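Dropping target25.pdb in here (PDB, C-alpha atoms):
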```
ATOM      1  CA  MET A   1      62.942  36.334 108.789
ATOM      2  CA  LEU A   2      63.893  37.991 105.533
ATOM      3  CA  MET A   3      60.994  39.141 103.385
ATOM      4  CA  ARG A   4      60.911  40.421  99.828
ATOM      5  CA  THR A   5      59.590  43.985  99.860
ATOM      6  CA  ARG A   6      57.578  45.442  97.006
ATOM      7  CA  THR A   7      57.819  49.212  96.750
ATOM      8  CA  ARG A   8      55.309  51.213  94.758
ATOM      9  CA  THR A   9      54.779  54.928  94.477
ATOM     10  CA  LEU A  10      51.833  57.125  93.724
ATOM     11  CA  ALA A  11      52.737  57.560  90.056
ATOM     12  CA  ALA A  12      52.284  53.847  89.451
ATOM     13  CA  TRP A  13      48.749  53.777  90.803
ATOM     14  CA  THR A  14      46.560  55.988  88.634
ATOM     15  CA  VAL A  15      43.060  54.509  89.005
ATOM     16  CA  THR A  16      40.714  54.921  86.031
ATOM     17  CA  VAL A  17      36.937  54.694  85.890
ATOM     18  CA  LEU A  18      37.316  51.130  84.648
ATOM     19  CA  ILE A  19      38.418  49.959  88.093
ATOM     20  CA  ARG A  20      35.920  48.947  90.768
ATOM     21  CA  ALA A  21      37.629  48.629  94.147
ATOM     22  CA  VAL A  22      36.297  46.163  96.693
ATOM     23  CA  LEU A  23      37.110  47.058 100.305
ATOM     24  CA  ALA A  24      38.498  43.941 101.983
ATOM     25  CA  ALA A  25      41.551  42.682 103.804
ATOM     26  CA  ASP A  26      42.742  41.180 100.520
ATOM     27  CA  PRO A  27      41.387  43.751  98.028
ATOM     28  CA  THR A  28      40.737  42.825  94.430
ATOM     29  CA  ILE A  29      39.624  44.729  91.353
ATOM     30  CA  PHE A  30      37.748  43.357  88.369
ATOM     31  CA  LEU A  31      37.796  44.658  84.813
ATOM     32  CA  THR A  32      35.313  43.346  82.283
ATOM     33  CA  GLU A  33      35.067  43.994  78.554
ATOM     34  CA  ASP A  34      32.178  42.725  76.426
ATOM     35  CA  PHE A  35      32.863  44.987  73.403
ATOM     36  CA  GLN A  36      29.242  46.169  73.271
ATOM     37  CA  SER A  37      30.558  49.726  72.875
ATOM     38  CA  ASP A  38      33.788  51.126  71.473
ATOM     39  CA  PRO A  39      36.654  49.741  73.632
ATOM     40  CA  ALA A  40      38.821  52.750  72.742
ATOM     41  CA  SER A  41      36.659  54.812  75.114
ATOM     42  CA  ARG A  42      37.877  52.562  77.947
ATOM     43  CA  GLY A  43      41.584  52.764  77.182
ATOM     44  CA  TRP A  44      42.119  49.920  74.703
ATOM     45  CA  ARG A  45      44.736  50.723  72.058
ATOM     46  CA  VAL A  46      46.577  49.080  69.152
ATOM     47  CA  SER A  47      50.370  49.091  68.972
ATOM     48  CA  GLY A  48      51.746  47.876  65.655
ATOM     49  CA  ASP A  49      49.611  47.190  62.575
ATOM     50  CA  PRO A  50      46.110  48.670  63.176
ATOM     51  CA  ALA A  51      44.635  46.535  60.373
ATOM     52  CA  LEU A  52      44.921  43.378  62.511
ATOM     53  CA  PHE A  53      42.246  44.346  65.059
ATOM     54  CA  ARG A  54      38.813  45.852  64.464
ATOM     55  CA  TRP A  55      35.935  46.509  66.802
ATOM     56  CA  ASP A  56      32.765  45.040  65.271
ATOM     57  CA  ALA A  57      30.051  47.368  66.533
ATOM     58  CA  GLY A  58      27.219  45.336  65.008
ATOM     59  CA  ALA A  59      28.281  42.037  66.573
ATOM     60  CA  GLY A  60      29.576  43.574  69.804
ATOM     61  CA  GLN A  61      32.902  41.786  69.665
ATOM     62  CA  LEU A  62      36.505  42.240  68.565
ATOM     63  CA  SER A  63      37.630  40.904  65.197
ATOM     64  CA  ALA A  64      41.218  39.730  65.516
ATOM     65  CA  THR A  65      43.867  38.669  63.014
ATOM     66  CA  TRP A  66      47.060  36.879  63.978
ATOM     67  CA  ASP A  67      49.457  37.390  61.069
ATOM     68  CA  SER A  68      53.075  36.530  61.797
ATOM     69  CA  SER A  69      54.241  38.159  58.556
ATOM     70  CA  ARG A  70      53.396  41.531  60.109
ATOM     71  CA  PRO A  71      55.289  43.397  62.870
ATOM     72  CA  ASN A  72      54.571  42.637  66.526
ATOM     73  CA  THR A  73      51.066  43.993  67.104
ATOM     74  CA  TYR A  74      49.058  44.239  70.326
ATOM     75  CA  PHE A  75      45.460  45.124  71.041
ATOM     76  CA  HIS A  76      46.128  46.086  74.619
ATOM     77  CA  LEU A  77      44.762  47.603  77.808
ATOM     78  CA  PRO A  78      47.305  49.158  80.223
ATOM     79  CA  LEU A  79      46.682  47.940  83.777
ATOM     80  CA  GLN A  80      47.857  51.081  85.600
ATOM     81  CA  THR A  81      49.735  48.679  87.883
ATOM     82  CA  GLN A  82      52.450  46.037  87.665
ATOM     83  CA  LEU A  83      51.955  42.333  88.369
ATOM     84  CA  THR A  84      54.756  40.159  89.753
ATOM     85  CA  ARG A  85      55.155  36.596  91.010
ATOM     86  CA  ASP A  86      53.958  37.785  94.450
ATOM     87  CA  ASP A  87      50.509  38.851  93.190
ATOM     88  CA  ASP A  88      47.351  36.793  92.726
ATOM     89  CA  PHE A  89      45.682  37.545  89.392
ATOM     90  CA  ALA A  90      43.650  35.982  86.594
ATOM     91  CA  PHE A  91      42.192  36.619  83.182
ATOM     92  CA  SER A  92      39.546  34.911  81.077
ATOM     93  CA  PHE A  93      38.211  35.340  77.567
ATOM     94  CA  ALA A  94      36.071  33.771  74.858
ATOM     95  CA  LEU A  95      37.601  32.963  71.477
ATOM     96  CA  GLU A  96      35.993  31.767  68.270
ATOM     97  CA  LEU A  97      38.331  30.964  65.380
ATOM     98  CA  GLN A  98      37.071  31.292  61.816
ATOM     99  CA  ASP A  99      40.196  29.979  60.090
ATOM    100  CA  ILE A 100      43.836  29.205  60.826
ATOM    101  CA  ASN A 101      46.759  28.248  58.581
ATOM    102  CA  VAL A 102      50.454  27.584  59.183
ATOM    103  CA  GLY A 103      53.392  28.012  56.818
ATOM    104  CA  THR A 104      51.919  31.222  55.443
ATOM    105  CA  THR A 105      55.283  33.038  55.279
ATOM    106  CA  PRO A 106      57.559  31.676  52.535
ATOM    107  CA  GLY A 107      60.404  29.614  53.957
ATOM    108  CA  LYS A 108      58.685  29.227  57.373
ATOM    109  CA  PRO A 109      56.590  26.056  57.042
ATOM    110  CA  TYR A 110      56.149  25.102  60.700
ATOM    111  CA  THR A 111      53.750  26.245  63.421
ATOM    112  CA  PHE A 112      53.687  29.600  65.192
ATOM    113  CA  GLU A 113      51.579  30.816  68.097
ATOM    114  CA  LEU A 114      48.448  32.801  68.726
ATOM    115  CA  ALA A 115      48.780  34.603  72.057
ATOM    116  CA  VAL A 116      46.606  36.299  74.682
ATOM    117  CA  GLY A 117      47.819  37.489  78.079
ATOM    118  CA  PHE A 118      49.897  39.919  80.093
ATOM    119  CA  VAL A 119      52.946  41.704  78.683
ATOM    120  CA  ASN A 120      55.431  44.319  79.788
ATOM    121  CA  LEU A 121      54.268  46.927  77.294
ATOM    122  CA  ALA A 122      57.492  48.957  77.030
ATOM    123  CA  GLN A 123      59.523  45.823  76.347
ATOM    124  CA  ALA A 124      56.972  44.148  74.067
ATOM    125  CA  THR A 125      56.701  47.223  71.850
ATOM    126  CA  GLY A 126      60.411  48.017  71.939
ATOM    127  CA  PRO A 127      63.171  47.036  69.516
ATOM    128  CA  GLY A 128      64.695  43.592  69.867
ATOM    129  CA  PHE A 129      61.566  41.876  71.218
ATOM    130  CA  TRP A 130      61.209  38.653  69.196
ATOM    131  CA  ARG A 131      58.850  35.924  70.405
ATOM    132  CA  GLY A 132      60.076  33.381  67.900
ATOM    133  CA  THR A 133      63.700  33.222  69.045
ATOM    134  CA  GLY A 134      62.855  31.870  72.490
ATOM    135  CA  LEU A 135      65.430  34.236  73.979
ATOM    136  CA  ASP A 136      64.177  37.759  73.363
ATOM    137  CA  SER A 137      60.691  38.002  74.875
ATOM    138  CA  PRO A 138      60.936  38.560  78.649
ATOM    139  CA  ASN A 139      58.088  39.313  81.053
ATOM    140  CA  LEU A 140      55.112  37.440  79.647
ATOM    141  CA  VAL A 141      52.216  35.574  81.263
ATOM    142  CA  GLU A 142      50.172  34.237  78.397
ATOM    143  CA  TRP A 143      47.900  31.691  76.776
ATOM    144  CA  ASP A 144      49.500  30.292  73.615
ATOM    145  CA  TYR A 145      48.014  28.138  70.875
ATOM    146  CA  PHE A 146      50.175  26.404  68.294
ATOM    147  CA  PRO A 147      48.161  24.928  65.374
ATOM    148  CA  ASP A 148      49.240  21.574  63.977
ATOM    149  CA  SER A 149      52.107  21.441  61.484
ATOM    150  CA  GLY A 150      52.768  17.713  61.791
ATOM    151  CA  PHE A 151      53.393  17.330  65.532
ATOM    152  CA  GLY A 152      49.880  17.957  66.904
ATOM    153  CA  ALA A 153      48.114  21.181  67.836
ATOM    154  CA  THR A 154      49.065  22.456  71.296
ATOM    155  CA  LEU A 155      47.704  24.730  74.011
ATOM    156  CA  SER A 156      50.416  26.126  76.275
ATOM    157  CA  PRO A 157      50.078  28.296  79.409
ATOM    158  CA  THR A 158      53.418  30.097  79.712
ATOM    159  CA  ILE A 159      55.316  32.445  82.007
ATOM    160  CA  ILE A 160      58.597  34.005  80.877
ATOM    161  CA  SER A 161      60.620  35.781  83.551
ATOM    162  CA  ALA A 162      62.510  39.066  83.411
ATOM    163  CA  GLN A 163      65.683  37.066  82.734
ATOM    164  CA  GLY A 164      64.087  34.912  80.024
ATOM    165  CA  GLN A 165      63.398  31.772  82.061
ATOM    166  CA  PHE A 166      60.439  29.686  80.860
ATOM    167  CA  ALA A 167      57.754  28.012  82.970
ATOM    168  CA  THR A 168      55.314  26.254  80.673
ATOM    169  CA  ALA A 169      53.170  23.180  80.078
ATOM    170  CA  PHE A 170      51.620  21.600  76.991
ATOM    171  CA  LEU A 171      48.159  20.206  76.271
ATOM    172  CA  SER A 172      48.775  18.211  73.096
ATOM    173  CA  PRO A 173      47.337  17.093  70.814
ATOM    174  CA  TYR A 174      44.533  19.580  71.312
ATOM    175  CA  GLU A 175      43.047  21.289  68.278
ATOM    176  CA  LEU A 176      40.719  24.248  68.652
ATOM    177  CA  PRO A 177      37.570  23.726  66.576
ATOM    178  CA  LEU A 178      36.631  26.344  63.991
ATOM    179  CA  GLY A 179      33.346  28.207  64.320
ATOM    180  CA  GLU A 180      32.875  27.322  67.996
ATOM    181  CA  LYS A 181      33.187  29.750  70.908
ATOM    182  CA  LEU A 182      35.419  28.422  73.683
ATOM    183  CA  HIS A 183      36.128  29.953  77.078
ATOM    184  CA  PHE A 184      39.551  29.984  78.718
ATOM    185  CA  ILE A 185      40.658  30.964  82.226
ATOM    186  CA  MET A 186      44.251  31.678  83.283
ATOM    187  CA  GLU A 187      44.791  32.023  87.044
ATOM    188  CA  TYR A 188      48.073  32.660  88.864
ATOM    189  CA  LEU A 189      48.282  31.683  92.558
ATOM    190  CA  ALA A 190      51.188  33.486  94.197
ATOM    191  CA  ALA A 191      51.375  31.390  97.374
ATOM    192  CA  GLN A 192      51.610  28.195  95.318
ATOM    193  CA  ARG A 193      53.725  29.723  92.533
ATOM    194  CA  ARG A 194      51.313  28.080  90.084
ATOM    195  CA  LEU A 195      49.619  29.129  86.851
ATOM    196  CA  LEU A 196      46.450  27.244  85.923
ATOM    197  CA  LEU A 197      44.888  27.140  82.462
ATOM    198  CA  THR A 198      41.259  26.002  82.445
ATOM    199  CA  VAL A 199      39.609  25.112  79.128
ATOM    200  CA  ASN A 200      35.811  25.151  79.234
ATOM    201  CA  VAL A 201      34.392  23.031  76.433
ATOM    202  CA  PRO A 202      30.608  22.712  75.913
ATOM    203  CA  ASP A 203      29.205  19.348  77.108
ATOM    204  CA  PHE A 204      32.549  18.224  78.564
ATOM    205  CA  ALA A 205      34.264  18.560  81.930
ATOM    206  CA  PRO A 206      36.754  21.463  82.136
ATOM    207  CA  ILE A 207      40.369  20.668  81.306
ATOM    208  CA  VAL A 208      42.963  22.090  83.724
ATOM    209  CA  VAL A 209      46.629  22.486  82.745
ATOM    210  CA  PRO A 210      48.981  23.505  85.608
ATOM    211  CA  VAL A 211      52.364  25.248  85.432
ATOM    212  CA  LYS A 212      54.634  25.314  88.492
ATOM    213  CA  LEU A 213      57.413  27.876  88.966
ATOM    214  CA  GLY A 214      60.636  26.221  90.047
ATOM    215  CA  PRO A 215      62.629  27.417  93.088
ATOM    216  CA  ALA A 216      65.199  29.124  90.854
ATOM    217  CA  PHE A 217      62.620  30.918  88.691
ATOM    218  CA  ASP A 218      63.233  34.668  88.900
ATOM    219  CA  ASP A 219      60.559  37.364  88.956
ATOM    220  CA  PHE A 220      58.421  38.786  86.174
ATOM    221  CA  ALA A 221      56.818  42.220  85.776
ATOM    222  CA  VAL A 222      53.837  42.757  83.448
ATOM    223  CA  ASP A 223      51.689  45.865  83.123
ATOM    224  CA  ALA A 224      49.244  45.423  80.216
ATOM    225  CA  PHE A 225      46.730  42.870  78.970
ATOM    226  CA  ALA A 226      47.143  42.160  75.269
ATOM    227  CA  ILE A 227      45.851  40.102  72.385
ATOM    228  CA  SER A 228      49.210  39.568  70.695
ATOM    229  CA  SER A 229      50.036  38.934  67.055
ATOM    230  CA  TYR A 230      53.748  38.211  67.066
ATOM    231  CA  SER A 231      56.159  38.606  64.167
ATOM    232  CA  ASP A 232      57.795  35.390  62.974
ATOM    233  CA  ALA A 233      61.129  37.182  62.454
ATOM    234  CA  GLY A 234      64.345  35.999  64.074
ATOM    235  CA  GLN A 235      63.660  32.263  64.185
ATOM    236  CA  ASN A 236      66.105  29.454  63.560
ATOM    237  CA  PRO A 237      65.825  28.883  59.789
ATOM    238  CA  ASP A 238      65.751  25.110  60.308
ATOM    239  CA  TRP A 239      62.562  25.294  62.398
ATOM    240  CA  SER A 240      60.899  28.538  61.352
ATOM    241  CA  GLY A 241      57.124  28.729  61.547
ATOM    242  CA  SER A 242      54.394  31.159  60.600
ATOM    243  CA  VAL A 243      50.654  31.568  61.049
ATOM    244  CA  LEU A 244      47.645  33.437  59.691
ATOM    245  CA  ALA A 245      44.390  33.161  61.635
ATOM    246  CA  HIS A 246      41.134  35.084  61.970
ATOM    247  CA  GLY A 247      38.725  35.005  64.885
ATOM    248  CA  THR A 248      36.664  36.971  67.355
ATOM    249  CA  MET A 249      37.401  37.829  70.977
ATOM    250  CA  ASP A 250      34.723  38.490  73.574
ATOM    251  CA  ASP A 251      33.908  38.468  77.298
ATOM    252  CA  VAL A 252      37.344  39.474  78.605
ATOM    253  CA  THR A 253      37.627  39.574  82.400
ATOM    254  CA  LEU A 254      40.681  40.576  84.437
ATOM    255  CA  ARG A 255      41.076  39.958  88.176
ATOM    256  CA  LEU A 256      43.876  42.063  89.650
ATOM    257  CA  PRO A 257      45.199  43.119  93.055
ATOM    258  CA  ALA A 258      43.874  46.549  93.921
ATOM    259  CA  PRO A 259      46.253  49.529  94.057
ATOM    260  CA  PRO A 260      47.350  50.169  97.664
ATOM    261  CA  ILE A 261      46.899  53.959  97.410
ATOM    262  CA  ARG A 262      43.451  55.298  96.520
ATOM    263  CA  ARG A 263      41.587  58.617  96.713
ATOM    264  CA  PHE A 264      44.846  60.531  96.986
ATOM    265  CA  THR A 265      44.807  64.286  97.593
ATOM    266  CA  GLY A 266      47.586  66.670  98.655
ATOM    267  CA  ARG A 267      47.462  70.236  99.913
ATOM    268  CA  VAL A 268      49.140  72.816 102.169
ATOM    269  CA  VAL A 269      47.526  73.135 105.596
ATOM    270  CA  GLU A 270      48.762  75.920 107.901
ATOM    271  CA  GLY A 271      52.084  76.116 106.108
ATOM    272  CA  VAL A 272      52.862  72.377 105.964
ATOM    273  CA  TRP A 273      52.164  69.875 103.218
ATOM    274  CA  GLN A 274      49.919  66.906 103.929
ATOM    275  CA  THR A 275      48.359  64.108 101.945
ATOM    276  CA  GLN A 276      45.130  62.278 102.529
ATOM    277  CA  PHE A 277      44.491  58.843 100.994
ATOM    278  CA  THR A 278      42.834  55.502 101.624
ATOM    279  CA  GLY A 279      45.234  52.663 102.379
ATOM    280  CA  TRP A 280      44.754  48.907 102.560
ATOM    281  CA  LEU A 281      45.155  46.593 105.503
ATOM    282  CA  GLY A 282      48.453  44.731 105.305
ATOM    283  CA  TRP A 283      50.385  47.659 103.801
ATOM    284  CA  ARG A 284      52.732  50.241 105.366
ATOM    285  CA  TYR A 285      52.760  53.841 104.080
ATOM    286  CA  THR A 286      55.597  56.354 104.293
ATOM    287  CA  LEU A 287      55.800  59.983 103.195
ATOM    288  CA  GLU A 288      59.007  60.847 101.308
ATOM    289  CA  SER A 289      60.360  64.131  99.950
ATOM    290  CA  SER A 290      62.865  65.109  97.266
ATOM    291  CA  ARG A 291      64.396  68.236  95.729
ATOM    292  CA  ASN A 292      65.289  66.622  92.392
ATOM    293  CA  LEU A 293      62.914  63.627  91.888
ATOM    294  CA  ARG A 294      65.929  61.287  92.112
ATOM    295  CA  ASP A 295      66.978  61.282  95.757
ATOM    296  CA  TRP A 296      64.195  60.663  98.272
ATOM    297  CA  SER A 297      64.216  61.095 102.075
ATOM    298  CA  LEU A 298      61.912  59.762 104.760
ATOM    299  CA  VAL A 299      59.479  62.279 106.275
ATOM    300  CA  GLY A 300      57.991  61.331 109.623
ATOM    301  CA  SER A 301      57.093  57.795 110.713
ATOM    302  CA  PRO A 302      55.513  54.971 108.679
ATOM    303  CA  LEU A 303      51.776  54.449 108.990
ATOM    304  CA  ALA A 304      50.008  51.068 108.880
ATOM    305  CA  GLY A 305      47.095  50.834 106.456
ATOM    306  CA  THR A 306      43.621  50.805 107.962
ATOM    307  CA  GLY A 307      41.304  50.459 104.960
ATOM    308  CA  THR A 308      39.943  53.946 105.728
ATOM    309  CA  SER A 309      40.994  57.533 105.055
ATOM    310  CA  GLN A 310      44.463  58.323 106.456
ATOM    311  CA  THR A 311      46.773  61.345 106.589
ATOM    312  CA  LEU A 312      50.546  61.764 106.315
ATOM    313  CA  ALA A 313      52.089  65.206 106.847
ATOM    314  CA  ASP A 314      55.484  66.879 106.767
ATOM    315  CA  PRO A 315      55.992  68.415 110.247
ATOM    316  CA  GLN A 316      58.453  70.969 108.828
ATOM    317  CA  PRO A 317      57.351  74.207 107.139
ATOM    318  CA  LEU A 318      56.946  73.893 103.385
ATOM    319  CA  LEU A 319      60.030  74.782 101.311
ATOM    320  CA  ASP A 320      60.166  75.917  97.710
ATOM    321  CA  HIS A 321      60.851  73.295  95.028
ATOM    322  CA  LEU A 322      60.158  70.298  97.264
ATOM    323  CA  PHE A 323      58.425  67.199  95.879
ATOM    324  CA  TYR A 324      56.486  64.581  97.862
ATOM    325  CA  ARG A 325      55.435  60.998  97.268
ATOM    326  CA  VAL A 326      53.794  58.227  99.288
ATOM    327  CA  ARG A 327      55.641  54.921  99.375
ATOM    328  CA  ALA A 328      53.595  51.737  99.922
ATOM    329  CA  ASP A 329      55.259  48.538 101.168
ATOM    330  CA  LYS A 330      53.569  45.167 101.465
ATOM    331  CA  LEU A 331      53.865  43.810 105.037
TER     332      LEU A 331
END
```

Representation of the structure as structure tokens:
Amino acid sequence: MLMRTRTRTLAAWTVTVLIRAVLAADPTIFLTEDFQSDPASRGWRVSGDPALFRWDAGAGQLSATWDSSRPNTYFHLPLQTQLTRDDDFAFSFALELQDINVGTTPGKPYTFELAVGFVNLAQATGPGFWRGTGLDSPNLVEWDYFPDSGFGATLSPTIISAQGQFATAFLSPYELPLGEKLHFIMEYLAAQRRLLLTVNVPDFAPIVVPVKLGPAFDDFAVDAFAISSYSDAGQNPDWSGSVLAHGTMDDVTLRLPAPPIRRFTGRVVEGVWQTQFTGWLGWRYTLESSRNLRDWSLVGSPLAGTGTSQTLADPQPLLDHLFYRVRADKL
């Protein structure tokens, strides 16, 4: 049977103090952010226009502005990992809108989205990334809200692949009330290839909106959680939209697959280099070496993960200018 192999190296798995690892056969990490203290101390950053996001210390929440007349702007938290269609993950958040208006950019009278979710940070902050064209915003897993501009307000859970394929659904008409805190959950189930949006409304049963990836849907790769204010540039002039909205974000929770390499150390022992780390069950670990950081060679035999401390060593005497890495493959 052919299986898709995911390869990850040590450099991709830097674990910060924000991450709490849970030892299990199917390990999971949880990140929570309640904004009671400065989120910058926990790695949150702004890329783009810093005036659009402000931590409100008194209220213990994040004040957010979605202004499509401004450049692409993200209040984001790097994940220190990469999520793909083969990973289970989820995020949730609370949002309270104070005001929202469409047609706020001259010549762009139609609706435009508010967005929260996972992005590929290098692509999202790079040149040529335009959400409004429908063609130039790869690698997204996000919650989108389109306020009404004559066709009904719409909530839309969306995945955009690395090649720009869309998987999306629409809850419409559905208008978010002003001045009311609502809670949203977005959960991706890898085995089912499904994304579920759950809307929790006070005094009503939750609303669930599913998105199913088709058999031809290619992969995605996202590595940061972001509250995204997208530029309205690049749209078709016949259907251009724009938006200006203000609100507060709170109670953000991320559920992510744990990094497969933890507690990594490396040292020379009796003239040979060895690494000690904790691996997960269901993963295979291999030591590799290189002289130039481009070409890598296998060192020794692969080692199955045990969930406990493990050691990989180079049986040959240590040479000058030799680099090592640990490769982790999902079984």

When distances are computed from only C-alpha atoms, which of A:Phe91, A:Phe225, A:Tyr174, A:Tyr324 shows the smallest separation from Val119 (chain A)?
-> A:Phe225

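Taking all atoms listed in the file, the non-local environment of region 63-76 of chain A within 6 Å (same-chain residues fewer than 4 positions away omitted) comprises Trp44, Arg45, Val46, Ser47, Gly48, Asp49, Leu52, Phe53, Arg54, Phe225, Ala226, Ile227, Ser228, Ser229, Tyr230, Ser231, Asp232, Ser242, Val243, Leu244, Ala245, His246, Gly247 and Thr248 of chain A.
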
Hey, what's within 12 Å of Ser156 (chain A) if we count all atoms listed in the file and toss same-chain stuff fewer than 6 positions away? As an mmCIF file with C-alpha atoms, keeping the file's coordinate frame, please?
```cif
data_model
loop_
_atom_site.group_PDB
_atom_site.id
_atom_site.type_symbol
_atom_site.label_atom_id
_atom_site.label_comp_id
_atom_site.auth_asym_id
_atom_site.auth_seq_id
_atom_site.Cartn_x
_atom_site.Cartn_y
_atom_site.Cartn_z
ATOM 1 C CA GLU A 113 51.579 30.816 68.097
ATOM 2 C CA LEU A 114 48.448 32.801 68.726
ATOM 3 C CA ALA A 115 48.780 34.603 72.057
ATOM 4 C CA VAL A 116 46.606 36.299 74.682
ATOM 5 C CA GLY A 117 47.819 37.489 78.079
ATOM 6 C CA VAL A 141 52.216 35.574 81.263
ATOM 7 C CA GLU A 142 50.172 34.237 78.397
ATOM 8 C CA TRP A 143 47.900 31.691 76.776
ATOM 9 C CA ASP A 144 49.500 30.292 73.615
ATOM 10 C CA TYR A 145 48.014 28.138 70.875
ATOM 11 C CA PHE A 146 50.175 26.404 68.294
ATOM 12 C CA PRO A 147 48.161 24.928 65.374
ATOM 13 C CA PHE A 166 60.439 29.686 80.860
ATOM 14 C CA ALA A 167 57.754 28.012 82.970
ATOM 15 C CA THR A 168 55.314 26.254 80.673
ATOM 16 C CA ALA A 169 53.170 23.180 80.078
ATOM 17 C CA PHE A 170 51.620 21.600 76.991
ATOM 18 C CA LEU A 171 48.159 20.206 76.271
ATOM 19 C CA SER A 172 48.775 18.211 73.096
ATOM 20 C CA PRO A 173 47.337 17.093 70.814
ATOM 21 C CA TYR A 174 44.533 19.580 71.312
ATOM 22 C CA GLU A 175 43.047 21.289 68.278
ATOM 23 C CA PHE A 184 39.551 29.984 78.718
ATOM 24 C CA MET A 186 44.251 31.678 83.283
ATOM 25 C CA LEU A 195 49.619 29.129 86.851
ATOM 26 C CA LEU A 196 46.450 27.244 85.923
ATOM 27 C CA LEU A 197 44.888 27.140 82.462
ATOM 28 C CA THR A 198 41.259 26.002 82.445
ATOM 29 C CA VAL A 199 39.609 25.112 79.128
ATOM 30 C CA VAL A 208 42.963 22.090 83.724
ATOM 31 C CA VAL A 209 46.629 22.486 82.745
ATOM 32 C CA PRO A 210 48.981 23.505 85.608
ATOM 33 C CA VAL A 211 52.364 25.248 85.432
#
```

Selection: 7 Å around Leu318 (chain A), only C-alpha atoms, excl. self and same-chain fewer than 3 positions, as a PyMOL selection string = chain A and resi 271-273

Using only C-alpha atoms: which of A:Tyr110, A:Phe35, A:Phe89, A:Trp130 has the shortest distance to Val222 (chain A) = A:Phe89
